[in-house]
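What follows is one structure encoded as structure tokens, with my remarks underneath.
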Amino acid sequence: VVNIQDVVLNKIPQYSVILRVMDSQTNLPIENANVSLEHTYVEHSGITDSNGEVNLDIYYQDVYQLHAGKWGHVTSCFNDTLITSSSNVIEVFLDEGIYDDFTFDYGWDTIHTGSKTGWVRDIPVGVEKNGTIQNPYSEISWDCGSYAYITGNGTEVSNTDEVNKGEAILFSPLMDLSSYNDPHVNYTVWYFNKFGETAPNDTLFVYMNNGTDQVLIDFYDPETTTMGYWLGNSVSLNDKITVTSTMQLIVYISDFEETENITEAAFDFFSITDYSVLGIDEDLTEQTELLIYPNPFTDQLFISETNTNLMIYDFRGQLVFESFNETTINLSHLSKGIYLVMVKDENGSLLDVKKVVKR
């Protein structure tokens, strides 16, 4: 017996909210800025007009995640923003700067010649094999949004979405860095190159192009890289390349058939600053006989000198540990990743700065 039952649904009353995006330095409206409001059940998004405004029709009076950004400005995000029918205008101020955490699509270009997948902007889907994480389960947790650029994504099955039998190249939008005194390129990368019939030898290269010349500024390979973790870096461009108004970052990785392995990479939390986000300029360091070991380490670091003040910074420049006159340092509480260890003598003079990796 088939019974037909009519059901009447009452539409939730809509209300409008104006999001206004302003430049924090000039207090002028920002045109063509991306904005989004994310709720458990729905997402609203739009592009600001010449007044820096976008009108969004909202259903739920509840808390939202508010994101706003534009290339040339630093993306802002606000969690648990309460929005009700009385929230007529919400203003967001953006700082000027080159920054991209890939919350929005700012037009990074990709080239892919392989048989599987190249760089894609997506929410990471973790992949694990034999207890080793190949593809990250999430993007960098402290930036806005949930997106990153990944070489293949969407399946939890190993050896499916990855670089294979070709190249995967990621190009940033053009950047005018001519006003920077000491431009640093900041980013986090994920690198994995393992398994297969031949020894892994596929390297992740990071280049900078100024419109005329192209130079290698960083690389990650199977011999020196701790795989399966997000790794941060801050690279000074001084003495590496002539800075121009048409700079472009290029991230390159390949996996060709004759040396085929599982090859994965990811890229996130990109910015350009006039200083090292590590908080310390490695060029200031002097080579000494001081030893800090092992590197990489698991729970403990050892230092060969006594009467020293040791300070450890994460790659964002935050002080995470400090000790004085200790030669055995217990760092079991730190998360896995890259850290900078600064060592001073008892008079406060800098002895050394070393980059270490915790597995």
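All residue names refer to the structure tokens as shown: chains lettered A, B, ... in order, residues numbered from 1 in each chain, ligands numbered from 1 in order.
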
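For Asp218 of chain A, the set of protein, DNA and RNA residues having any atom at most 12 Å away, when counting only C-alpha atoms and skipping those fewer than 6 positions along the same chain, is Val185, Asn186, Tyr187, Thr188, Val189, Thr203, Leu204, Phe205, Val206, Tyr207, Met208, Thr225, Gly232, Asn233, Ser234, Val235, Ser236, Leu237, Lys240, Leu249, Ile250, Val251 and Tyr252 of chain A.
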
> Near Leu94 of chain A, counting only C-alpha atoms, which residues have an atom at most 7 Å away, once you skip same-chain residues fewer than 2 positions from it, shown as a ChimeraX atom specification?
Replying inline: /A:22-24,73-76,92,96

> Of the residues A:Gln5, A:Gln318, A:Phe267, A:Asn164, which is the one nearest to Arg121 of chain A, using only C-alpha atoms?
Replying inline: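 Among the listed residues, A:Phe267 lies closest to Arg121 of chain A.
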
> Counting only C-alpha atoms, what is within 6 Å of Asp80 of chain A, bar same-chain residues fewer than 6 positions away, as a list in words?
Replying inline: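 Listing them by chain and then by number gives Val63, Tyr64 and Gln65 of chain A.
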
> Could you pull the residues within 10 Å of Ser179 of chain A, counting only C-alpha atoms, minus those fewer than 5 positions along the same chain, as a PyMOL selection string?
Replying inline: chain A and resi 243-245+274

Could those selected residues go to a file with N, CA and C atoms, as a JSON list (two decimals), in the first residue's frame?
[["chain", "number", "residue", "atom", "x", "y", "z"],
["A", 243, "VAL", "N", 65.85, 42.00, -6.81],
["A", 243, "VAL", "CA", 64.42, 42.13, -6.52],
["A", 243, "VAL", "C", 63.81, 43.15, -7.47],
["A", 244, "THR", "N", 62.68, 42.78, -8.10],
["A", 244, "THR", "CA", 62.01, 43.63, -9.07],
["A", 244, "THR", "C", 60.52, 43.74, -8.74],
["A", 245, "SER", "N", 59.79, 44.37, -9.64],
["A", 245, "SER", "CA", 58.34, 44.51, -9.47],
["A", 245, "SER", "C", 57.57, 43.36, -10.10],
["A", 274, "ASP", "N", 59.50, 41.79, 5.44],
["A", 274, "ASP", "CA", 60.78, 42.50, 5.39],
["A", 274, "ASP", "C", 61.71, 42.01, 6.50]]

> Among segment 112-262 of chain A, which residues carry a DSSP assignment of strand (DSSP E), reported as a PyMOL selection string?
Replying inline: chain A and resi 112+119-122+127-129+132-135+148-151+166-171+184-194+204-209+214-220+230-236+248-255+262

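For Asn210 of chain A, the non-local neighbours within 10 Å, defined as residues at least 2 positions apart in the same chain or in other chains and counting only C-alpha atoms, are Leu174, Met175, Asp176, Leu177, Met208, Thr212, Asp213, Gln214, Val215, Ile241, Thr242, Val243, Thr244, Ser245, Thr246, Met247, Gln248 and Leu249 of chain A.
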
>> So that I can see what lies close to Val89 of chain A, please list as a PyMOL selection string the residues with an atom at most 7 Å from it, counting only C-alpha atoms and leaving out residues fewer than 5 positions away in the same chain.
In response: chain A and resi 17-20

> With only C-alpha atoms as the basis for distance, which of A:Pro173, A:Pro222, A:Gly131, A:Gly114 is at the shortest distance from Ile98 of chain A?
Replying inline: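 Checking each candidate against Ile98 of chain A, we get A:Pro173 as the closest.
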
> So how many Å separate atom CA of Pro124 of chain A and atom CA of Asn201 of chain A, to one decimal?
Replying inline: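 One can read the atom CA of Pro124 of chain A to atom CA of Asn201 of chain A distance as 24.3 Å.
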
Once you count only C-alpha atoms, what closest atom pair and distance in Å to one decimal does each residue of segment 214-316 of chain A within 9 Å of segment 144-149 of chain A have, with rows by chain and rising residue number, as JSON lines?
{"residue": "A:Ala265", "atom": "CA", "partner": "A:Tyr149", "partner_atom": "CA", "distance": 8.5}
{"residue": "A:Ala266", "atom": "CA", "partner": "A:Tyr149", "partner_atom": "CA", "distance": 5.5}
{"residue": "A:Phe267", "atom": "CA", "partner": "A:Tyr149", "partner_atom": "CA", "distance": 5.2}
{"residue": "A:Asp268", "atom": "CA", "partner": "A:Ala148", "partner_atom": "CA", "distance": 5.2}
{"residue": "A:Phe269", "atom": "CA", "partner": "A:Ala148", "partner_atom": "CA", "distance": 8.0}
